[in-house]
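Next comes work-v8.pdb, a file with PDB, C-alpha atoms, pLDDT in the B column.
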MODEL        1
ATOM      1  CA  MET A1114     -34.159  13.214  33.444  1.00 53.00           C
ATOM      2  CA  SER A1115     -32.532  11.173  30.712  1.00 57.00           C
ATOM      3  CA  HIS A1116     -30.746   7.952  31.382  1.00 61.00           C
ATOM      4  CA  PHE A1117     -27.487   8.454  29.556  1.00 61.00           C
ATOM      5  CA  GLU A1118     -26.257   4.956  30.407  1.00 66.00           C
ATOM      6  CA  GLU A1119     -29.218   3.400  28.585  1.00 71.00           C
ATOM      7  CA  ASP A1120     -28.968   5.644  25.494  1.00 70.00           C
ATOM      8  CA  PRO A1121     -28.927   3.354  22.396  1.00 69.00           C
ATOM      9  CA  PHE A1122     -27.202   6.033  20.274  1.00 72.00           C
ATOM     10  CA  ARG A1123     -24.212   6.427  22.555  1.00 72.00           C
ATOM     11  CA  SER A1124     -20.818   5.180  21.380  1.00 70.00           C
ATOM     12  CA  PRO A1125     -19.763   2.003  23.130  1.00 67.00           C
ATOM     13  CA  SER A1126     -17.112   2.317  25.762  1.00 67.00           C
ATOM     14  CA  PRO A1127     -13.760   0.836  24.790  1.00 62.00           C
ATOM     15  CA  THR A1128     -13.248  -2.613  26.248  1.00 63.00           C
ATOM     16  CA  GLN A1129      -9.572  -2.812  25.420  1.00 59.00           C
ATOM     17  CA  THR A1130      -6.649  -0.492  25.055  1.00 60.00           C
ATOM     18  CA  PRO A1131      -5.517   0.768  21.654  1.00 62.00           C
ATOM     19  CA  GLY A1132      -2.910  -1.380  19.930  1.00 62.00           C
ATOM     20  CA  TYR A1133      -4.820  -4.628  20.276  1.00 58.00           C
ATOM     21  CA  ARG A1134      -2.781  -7.729  20.900  1.00 63.00           C
ATOM     22  CA  PRO A1135      -4.305 -11.184  21.000  1.00 58.00           C
ATOM     23  CA  PRO A1136      -4.333 -12.778  24.451  1.00 63.00           C
ATOM     24  CA  THR A1137      -1.231 -14.722  25.352  1.00 66.00           C
ATOM     25  CA  GLY A1138      -1.322 -18.251  24.026  1.00 69.00           C
ATOM     26  CA  GLU A1139      -3.483 -17.462  20.973  1.00 76.00           C
ATOM     27  CA  ALA A1140      -2.213 -17.228  17.409  1.00 78.00           C
ATOM     28  CA  ASN A1141      -2.469 -13.964  15.538  1.00 83.00           C
ATOM     29  CA  THR A1142      -4.196 -15.283  12.424  1.00 87.00           C
ATOM     30  CA  GLY A1143      -4.101 -11.842  10.793  1.00 90.00           C
ATOM     31  CA  LEU A1144      -0.318 -11.987  10.606  1.00 93.00           C
ATOM     32  CA  ILE A1145      -0.418 -15.571   9.355  1.00 94.00           C
ATOM     33  CA  VAL A1146      -2.773 -14.547   6.547  1.00 94.00           C
ATOM     34  CA  ALA A1147      -0.472 -11.590   5.776  1.00 95.00           C
ATOM     35  CA  VAL A1148       2.434 -14.025   5.317  1.00 96.00           C
ATOM     36  CA  ALA A1149       0.276 -16.113   2.959  1.00 96.00           C
ATOM     37  CA  ILE A1150      -0.662 -13.041   0.914  1.00 96.00           C
ATOM     38  CA  ILE A1151       2.981 -11.930   0.687  1.00 96.00           C
ATOM     39  CA  ASN A1152       3.909 -15.428  -0.516  1.00 96.00           C
ATOM     40  CA  TYR A1153       1.196 -15.258  -3.176  1.00 97.00           C
ATOM     41  CA  VAL A1154       2.393 -11.843  -4.351  1.00 96.00           C
ATOM     42  CA  PHE A1155       6.117 -12.734  -4.417  1.00 93.00           C
ATOM     43  CA  GLY A1156       5.456 -16.102  -6.064  1.00 95.00           C
ATOM     44  CA  GLY A1157       3.139 -14.581  -8.642  1.00 96.00           C
ATOM     45  CA  LEU A1158       5.694 -11.899  -9.470  1.00 94.00           C
ATOM     46  CA  GLN A1159       8.394 -14.531  -9.909  1.00 92.00           C
ATOM     47  CA  VAL A1160       6.230 -16.653 -12.198  1.00 95.00           C
ATOM     48  CA  GLY A1161       5.190 -13.592 -14.214  1.00 96.00           C
ATOM     49  CA  CYS A1162       8.731 -12.232 -14.513  1.00 94.00           C
ATOM     50  CA  GLY A1163      10.020 -15.651 -15.547  1.00 94.00           C
ATOM     51  CA  ALA A1164       7.383 -15.942 -18.256  1.00 95.00           C
ATOM     52  CA  CYS A1165       8.148 -12.426 -19.519  1.00 96.00           C
ATOM     53  CA  LEU A1166      11.883 -13.156 -19.546  1.00 94.00           C
ATOM     54  CA  ALA A1167      11.365 -16.307 -21.595  1.00 95.00           C
ATOM     55  CA  ILE A1168       8.926 -14.744 -24.055  1.00 95.00           C
ATOM     56  CA  PHE A1169      10.511 -11.325 -24.526  1.00 95.00           C
ATOM     57  CA  GLY A1170      14.101 -12.563 -24.373  1.00 93.00           C
ATOM     58  CA  ALA A1171      13.498 -15.149 -27.083  1.00 92.00           C
ATOM     59  CA  THR A1172      11.553 -12.653 -29.181  1.00 93.00           C
ATOM     60  CA  PHE A1173      14.291 -10.043 -28.847  1.00 92.00           C
ATOM     61  CA  THR A1174      17.063 -12.415 -29.918  1.00 91.00           C
ATOM     62  CA  GLN A1175      15.049 -13.562 -32.927  1.00 88.00           C
ATOM     63  CA  MET A1176      14.320  -9.949 -33.918  1.00 90.00           C
ATOM     64  CA  MET A1177      18.000  -9.086 -33.631  1.00 87.00           C
ATOM     65  CA  GLY A1178      18.831 -12.120 -35.755  1.00 84.00           C
ATOM     66  CA  GLY A1179      16.415 -10.927 -38.441  1.00 84.00           C
ATOM     67  CA  ILE A1180      17.933  -7.436 -38.454  1.00 83.00           C
ATOM     68  CA  ILE A1181      21.473  -8.764 -38.660  1.00 80.00           C
ATOM     69  CA  GLU A1182      20.493 -11.186 -41.406  1.00 80.00           C
ATOM     70  CA  GLN A1183      19.091  -8.352 -43.549  1.00 81.00           C
ATOM     71  CA  ASP A1184      22.199  -6.186 -43.252  1.00 72.00           C
ATOM     72  CA  GLN A1185      24.894  -8.761 -43.797  1.00 75.00           C
ATOM     73  CA  GLN A1186      25.471 -12.355 -44.583  1.00 73.00           C
ATOM     74  CA  MET A1187      25.118 -14.573 -41.518  1.00 78.00           C
ATOM     75  CA  THR A1188      27.390 -17.537 -41.093  1.00 80.00           C
ATOM     76  CA  PRO A1189      26.160 -20.853 -39.681  1.00 80.00           C
ATOM     77  CA  GLU A1190      28.040 -20.013 -36.474  1.00 85.00           C
ATOM     78  CA  ASP A1191      25.975 -16.829 -36.133  1.00 82.00           C
ATOM     79  CA  HIS A1192      22.745 -18.800 -36.543  1.00 83.00           C
ATOM     80  CA  ALA A1193      23.938 -21.263 -33.905  1.00 88.00           C
ATOM     81  CA  ALA A1194      24.857 -18.426 -31.516  1.00 88.00           C
ATOM     82  CA  LEU A1195      21.384 -16.886 -31.870  1.00 88.00           C
ATOM     83  CA  GLY A1196      19.797 -20.272 -31.255  1.00 90.00           C
ATOM     84  CA  ILE A1197      21.873 -20.752 -28.118  1.00 93.00           C
ATOM     85  CA  MET A1198      21.026 -17.238 -26.926  1.00 92.00           C
ATOM     86  CA  THR A1199      17.321 -17.900 -27.456  1.00 93.00           C
ATOM     87  CA  ALA A1200      17.570 -21.190 -25.552  1.00 94.00           C
ATOM     88  CA  VAL A1201      19.389 -19.472 -22.682  1.00 94.00           C
ATOM     89  CA  PHE A1202      16.664 -16.816 -22.361  1.00 93.00           C
ATOM     90  CA  ILE A1203      13.923 -19.439 -22.434  1.00 95.00           C
ATOM     91  CA  GLY A1204      15.801 -21.631 -19.953  1.00 95.00           C
ATOM     92  CA  MET A1205      16.407 -18.749 -17.540  1.00 94.00           C
ATOM     93  CA  GLY A1206      12.751 -17.710 -17.745  1.00 93.00           C
ATOM     94  CA  VAL A1207      11.498 -21.232 -17.100  1.00 94.00           C
ATOM     95  CA  VAL A1208      13.840 -21.706 -14.134  1.00 92.00           C
ATOM     96  CA  PHE A1209      12.836 -18.329 -12.701  1.00 89.00           C
ATOM     97  CA  ALA A1210       9.133 -19.157 -13.131  1.00 92.00           C
ATOM     98  CA  LEU A1211       9.563 -22.596 -11.581  1.00 92.00           C
ATOM     99  CA  THR A1212      11.245 -21.101  -8.517  1.00 88.00           C
ATOM    100  CA  GLY A1213       8.119 -18.998  -7.956  1.00 92.00           C
ATOM    101  CA  LEU A1214       5.814 -22.017  -7.814  1.00 95.00           C
ATOM    102  CA  PRO A1215       7.057 -23.239  -4.395  1.00 95.00           C
ATOM    103  CA  THR A1216       6.432 -19.745  -3.032  1.00 95.00           C
ATOM    104  CA  VAL A1217       2.821 -19.829  -4.241  1.00 96.00           C
ATOM    105  CA  LEU A1218       2.465 -23.354  -2.840  1.00 97.00           C
ATOM    106  CA  ALA A1219       3.920 -22.191   0.491  1.00 96.00           C
ATOM    107  CA  GLY A1220       1.378 -19.369   0.574  1.00 96.00           C
ATOM    108  CA  TYR A1221      -1.421 -21.895   0.158  1.00 97.00           C
ATOM    109  CA  GLY A1222       0.028 -24.073   2.926  1.00 96.00           C
ATOM    110  CA  VAL A1223       0.309 -21.119   5.300  1.00 96.00           C
ATOM    111  CA  GLN A1224      -3.197 -19.925   4.452  1.00 95.00           C
ATOM    112  CA  CYS A1225      -4.583 -23.398   5.272  1.00 94.00           C
ATOM    113  CA  GLN A1226      -2.350 -23.421   8.387  1.00 93.00           C
ATOM    114  CA  ARG A1227      -0.587 -26.645   7.444  1.00 95.00           C
ATOM    115  CA  GLU A1228       2.760 -27.485   9.030  1.00 96.00           C
ATOM    116  CA  TRP A1229       4.361 -28.251   5.653  1.00 96.00           C
ATOM    117  CA  GLY A1230       3.415 -24.755   4.448  1.00 96.00           C
ATOM    118  CA  ARG A1231       5.016 -23.215   7.514  1.00 96.00           C
ATOM    119  CA  ILE A1232       8.227 -25.221   7.064  1.00 96.00           C
ATOM    120  CA  LEU A1233       8.405 -24.468   3.321  1.00 97.00           C
ATOM    121  CA  THR A1234       7.891 -20.765   3.984  1.00 97.00           C
ATOM    122  CA  ILE A1235      10.622 -20.751   6.652  1.00 97.00           C
ATOM    123  CA  VAL A1236      13.035 -22.436   4.212  1.00 96.00           C
ATOM    124  CA  LEU A1237      12.133 -19.952   1.459  1.00 95.00           C
ATOM    125  CA  ALA A1238      12.561 -17.054   3.907  1.00 96.00           C
ATOM    126  CA  GLY A1239      16.045 -18.364   4.760  1.00 95.00           C
ATOM    127  CA  ILE A1240      16.954 -18.514   1.076  1.00 94.00           C
ATOM    128  CA  SER A1241      15.525 -15.022   0.646  1.00 93.00           C
ATOM    129  CA  ALA A1242      17.674 -13.791   3.544  1.00 95.00           C
ATOM    130  CA  LEU A1243      20.796 -15.119   1.819  1.00 96.00           C
ATOM    131  CA  MET A1244      19.732 -13.401  -1.398  1.00 92.00           C
ATOM    132  CA  ALA A1245      19.144 -10.188   0.553  1.00 94.00           C
ATOM    133  CA  VAL A1246      22.675 -10.294   1.951  1.00 96.00           C
ATOM    134  CA  MET A1247      24.154 -10.833  -1.521  1.00 95.00           C
ATOM    135  CA  LEU A1248      22.040  -8.052  -3.036  1.00 92.00           C
ATOM    136  CA  LEU A1249      22.804  -5.624  -0.231  1.00 96.00           C
ATOM    137  CA  LEU A1250      26.532  -6.352  -0.487  1.00 96.00           C
ATOM    138  CA  GLY A1251      26.224  -5.377  -4.143  1.00 95.00           C
ATOM    139  CA  LEU A1252      24.418  -2.174  -3.061  1.00 93.00           C
ATOM    140  CA  ASN A1253      21.208  -3.277  -4.779  1.00 93.00           C
ATOM    141  CA  PRO A1254      18.165  -1.719  -3.045  1.00 93.00           C
ATOM    142  CA  LEU A1255      16.064  -4.746  -4.045  1.00 90.00           C
ATOM    143  CA  GLY A1256      17.811  -6.520  -1.180  1.00 93.00           C
ATOM    144  CA  LEU A1257      15.713  -4.476   1.250  1.00 96.00           C
ATOM    145  CA  PHE A1258      12.541  -6.173  -0.023  1.00 92.00           C
ATOM    146  CA  PHE A1259      14.079  -9.610   0.366  1.00 92.00           C
ATOM    147  CA  ALA A1260      15.326  -8.716   3.851  1.00 96.00           C
ATOM    148  CA  GLY A1261      11.935  -7.331   4.881  1.00 95.00           C
ATOM    149  CA  TYR A1262      10.161 -10.443   3.610  1.00 94.00           C
ATOM    150  CA  SER A1263      12.595 -12.699   5.444  1.00 96.00           C
ATOM    151  CA  ILE A1264      12.449 -10.838   8.736  1.00 97.00           C
ATOM    152  CA  PHE A1265       8.643 -10.492   8.763  1.00 96.00           C
ATOM    153  CA  THR A1266       8.076 -14.108   7.770  1.00 96.00           C
ATOM    154  CA  LEU A1267      10.529 -15.530  10.288  1.00 96.00           C
ATOM    155  CA  VAL A1268       9.240 -13.360  13.132  1.00 95.00           C
ATOM    156  CA  VAL A1269       5.625 -14.386  12.466  1.00 95.00           C
ATOM    157  CA  LEU A1270       6.150 -18.089  11.775  1.00 95.00           C
ATOM    158  CA  LEU A1271       8.753 -18.751  14.478  1.00 95.00           C
ATOM    159  CA  ASN A1272       6.535 -17.207  17.160  1.00 92.00           C
ATOM    160  CA  SER A1273       5.565 -20.066  19.471  1.00 90.00           C
ATOM    161  CA  ASP A1274       1.921 -18.964  19.702  1.00 89.00           C
ATOM    162  CA  ASN A1275       1.592 -18.781  15.921  1.00 91.00           C
ATOM    163  CA  ALA A1276       3.460 -22.090  15.457  1.00 91.00           C
ATOM    164  CA  ARG A1277       0.813 -23.887  17.543  1.00 90.00           C
ATOM    165  CA  ALA A1278      -1.879 -22.810  15.057  1.00 91.00           C
ATOM    166  CA  PHE A1279      -0.411 -25.054  12.337  1.00 91.00           C
ATOM    167  CA  LYS A1280      -1.611 -28.648  12.101  1.00 83.00           C
TER     168      LYS A1280
ENDMDL
END
Represent the structure from my file as C-alpha cells, please.
Amino acid sequence: MSHFEEDPFRSPSPTQTPGYRPPTGEANTGLIVAVAIINYVFGGLQVGCGACLAIFGATFTQMMGGIIEQDQQMTPEDHAALGIMTAVFIGMGVVFALTGLPTVLAGYGVQCQREWGRILTIVLAGISALMAVMLLLGLNPLGLFFAGYSIFTLVVLLNSDNARAFK
C-alpha cells in the first residue's frame, strides 16, 4: 500500500562506490589544498622556530654573560666571545626564519593553483627529500616527517591530472 520508492524519508541510494576517486582527467583539488595547508604549517613552524631561536638564544647568552660577570672578572675577550655568540644565535634564527618564508609563499601559490607555486613547492620538496636522507642517515626520526612531506607533495603535484589544474 505504501510506495517505498517515493518515500521522502528514505536514505538515498549510493551513486558511487566507496573510496571515491575523481573521474579520469580531473584534478583532485582536495589533495592540492592539502599540499597548500602542509606548506603553510611547515613554513609557519620554520618561521616561528627561527624567531624563537634568535630571541631565546640571544637572551640565554646575555643571561650567561651576566652570571659569569658577577662571579668573576670578565676580560675583553670574554665580552667579545659573548657578543659573537649572541650574533650567531640571531643570525641562525633569522636564516632559519627566512627559509620558512618561501614555503609559506609556495603554499599560497599552490592554493591559488599558480604554476610558480607548483614549481616552488616541487623544488622545496626536493630539498626536503635531501634533508630527509641526511636526517635518516643520522638516525634522526625527524627525517620521517621530511620524507613524508616530500613523497606526498611530489606524488600530488607531479600527477598529470593535478598538473593541468595549475595556470
_Residue nearest Gly1156 (chain A) among A:Ala1260, A:Leu1211, A:Met1244, A:Leu1233 (counting all atoms listed in the file)_ = A:Leu1211
_Exercise: residues within 12 Å of coordinate (13.3, -4.5, -1.8), counting only C-alpha atoms, as a ChimeraX atom specification_ = /A:1155,1241-1242,1244-1246,1248-1249,1252-1263
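With all atoms listed in the file as the basis for measurement, A:Asn1152 is the residue among A:Asn1152, A:Ser1273, A:Thr1199, A:Thr1188 that approaches Val1223 (chain A) most closely.
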*With a distance cut-off of 12 Å and only C-alpha atoms, select the neighbouring residues of Gly1204 (chain A), excluding the residue or stretch itself and same-chain residues fewer than 5 positions from it, and output the selection as a list in words.*
Gly1163, Ala1164, Cys1165, Leu1166, Ala1167, Ile1168, Gly1170, Ala1171, Ile1197, Met1198, Thr1199, Phe1209, Ala1210 and Leu1211 of chain A
Same residues, C-alpha atoms, output as a short mmCIF file (atom, residue, chain, number, x, y, z; two decimals), keeping the file's coordinate frame:
data_model
loop_
_atom_site.label_atom_id
_atom_site.label_comp_id
_atom_site.auth_asym_id
_atom_site.auth_seq_id
_atom_site.Cartn_x
_atom_site.Cartn_y
_atom_site.Cartn_z
CA GLY A 1163 10.02 -15.65 -15.55
CA ALA A 1164 7.38 -15.94 -18.26
CA CYS A 1165 8.15 -12.43 -19.52
CA LEU A 1166 11.88 -13.16 -19.55
CA ALA A 1167 11.36 -16.31 -21.60
CA ILE A 1168 8.93 -14.74 -24.06
CA GLY A 1170 14.10 -12.56 -24.37
CA ALA A 1171 13.50 -15.15 -27.08
CA ILE A 1197 21.87 -20.75 -28.12
CA MET A 1198 21.03 -17.24 -26.93
CA THR A 1199 17.32 -17.90 -27.46
CA PHE A 1209 12.84 -18.33 -12.70
CA ALA A 1210 9.13 -19.16 -13.13
CA LEU A 1211 9.56 -22.60 -11.58
#
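Each of A:Thr1234, A:Cys1162, A:Ala1193, A:Leu1243 was compared to Val1208 (chain A) using only C-alpha atoms, and A:Cys1162 turns out to be the nearest.
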I need region 1245-1279 of chain A written out with N, CA and C atoms, as a compact mmCIF listing (two decimals), in the first residue's frame; please produce it.
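result09.txt was written with the following content:
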# COMPACT_ATOMS: atom_id res chain seq x y z
N ALA A 1245 65.78 14.84 4.38
CA ALA A 1245 65.28 13.60 4.97
C ALA A 1245 66.33 12.51 4.91
N VAL A 1246 67.02 12.40 3.78
CA VAL A 1246 68.06 11.38 3.64
C VAL A 1246 69.17 11.63 4.66
N MET A 1247 69.60 12.89 4.78
CA MET A 1247 70.67 13.21 5.74
C MET A 1247 70.22 12.92 7.17
N LEU A 1248 68.98 13.30 7.51
CA LEU A 1248 68.50 13.07 8.86
C LEU A 1248 68.33 11.58 9.15
N LEU A 1249 67.83 10.84 8.17
CA LEU A 1249 67.64 9.41 8.39
C LEU A 1249 68.97 8.66 8.46
N LEU A 1250 69.97 9.13 7.73
CA LEU A 1250 71.30 8.52 7.84
C LEU A 1250 71.89 8.76 9.22
N GLY A 1251 71.52 9.87 9.85
CA GLY A 1251 71.94 10.15 11.21
C GLY A 1251 71.01 9.56 12.25
N LEU A 1252 70.07 8.71 11.82
CA LEU A 1252 69.10 8.05 12.69
C LEU A 1252 68.22 9.04 13.44
N ASN A 1253 67.91 10.15 12.83
CA ASN A 1253 67.04 11.16 13.42
C ASN A 1253 65.61 10.89 12.93
N PRO A 1254 64.66 10.62 13.82
CA PRO A 1254 63.30 10.31 13.39
C PRO A 1254 62.59 11.49 12.73
N LEU A 1255 63.11 12.71 12.89
CA LEU A 1255 62.52 13.86 12.22
C LEU A 1255 62.58 13.72 10.70
N GLY A 1256 63.53 12.91 10.24
CA GLY A 1256 63.65 12.66 8.81
C GLY A 1256 62.41 12.02 8.21
N LEU A 1257 61.65 11.29 9.03
CA LEU A 1257 60.41 10.67 8.53
C LEU A 1257 59.39 11.73 8.14
N PHE A 1258 59.32 12.84 8.88
CA PHE A 1258 58.40 13.91 8.53
C PHE A 1258 58.81 14.57 7.22
N PHE A 1259 60.10 14.82 7.07
CA PHE A 1259 60.58 15.41 5.83
C PHE A 1259 60.34 14.48 4.65
N ALA A 1260 60.57 13.18 4.85
CA ALA A 1260 60.35 12.21 3.79
C ALA A 1260 58.87 12.12 3.43
N GLY A 1261 58.01 12.09 4.44
CA GLY A 1261 56.57 12.05 4.18
C GLY A 1261 56.08 13.26 3.43
N TYR A 1262 56.56 14.45 3.83
CA TYR A 1262 56.20 15.68 3.13
C TYR A 1262 56.64 15.62 1.68
N SER A 1263 57.87 15.19 1.46
CA SER A 1263 58.41 15.14 0.10
C SER A 1263 57.63 14.16 -0.77
N ILE A 1264 57.41 12.98 -0.26
CA ILE A 1264 56.72 11.96 -1.05
C ILE A 1264 55.30 12.40 -1.37
N PHE A 1265 54.55 12.86 -0.37
CA PHE A 1265 53.16 13.28 -0.59
C PHE A 1265 53.09 14.43 -1.59
N THR A 1266 53.95 15.43 -1.39
CA THR A 1266 53.93 16.60 -2.26
C THR A 1266 54.28 16.23 -3.70
N LEU A 1267 55.32 15.43 -3.87
CA LEU A 1267 55.72 15.06 -5.23
C LEU A 1267 54.69 14.18 -5.92
N VAL A 1268 54.08 13.27 -5.18
CA VAL A 1268 53.05 12.41 -5.78
C VAL A 1268 51.86 13.24 -6.23
N VAL A 1269 51.44 14.20 -5.40
CA VAL A 1269 50.26 15.01 -5.75
C VAL A 1269 50.58 15.98 -6.89
N LEU A 1270 51.68 16.70 -6.80
CA LEU A 1270 51.95 17.76 -7.77
C LEU A 1270 52.51 17.25 -9.09
N LEU A 1271 53.11 16.07 -9.11
CA LEU A 1271 53.61 15.53 -10.37
C LEU A 1271 52.58 14.68 -11.10
N ASN A 1272 51.42 14.48 -10.50
CA ASN A 1272 50.32 13.79 -11.16
C ASN A 1272 49.87 14.63 -12.36
N SER A 1273 49.76 14.01 -13.51
CA SER A 1273 49.45 14.78 -14.73
C SER A 1273 48.07 15.44 -14.67
N ASP A 1274 47.10 14.79 -14.03
CA ASP A 1274 45.77 15.40 -13.92
C ASP A 1274 45.82 16.63 -13.01
N ASN A 1275 46.54 16.52 -11.90
CA ASN A 1275 46.65 17.66 -10.99
C ASN A 1275 47.50 18.78 -11.59
N ALA A 1276 48.50 18.42 -12.39
CA ALA A 1276 49.38 19.44 -13.00
C ALA A 1276 48.60 20.31 -13.97
N ARG A 1277 47.59 19.74 -14.63
CA ARG A 1277 46.78 20.53 -15.57
C ARG A 1277 45.92 21.58 -14.88
N ALA A 1278 45.70 21.43 -13.58
CA ALA A 1278 44.85 22.38 -12.85
C ALA A 1278 45.57 23.70 -12.60
N PHE A 1279 46.90 23.72 -12.73
CA PHE A 1279 47.66 24.94 -12.45
C PHE A 1279 47.75 25.79 -13.71
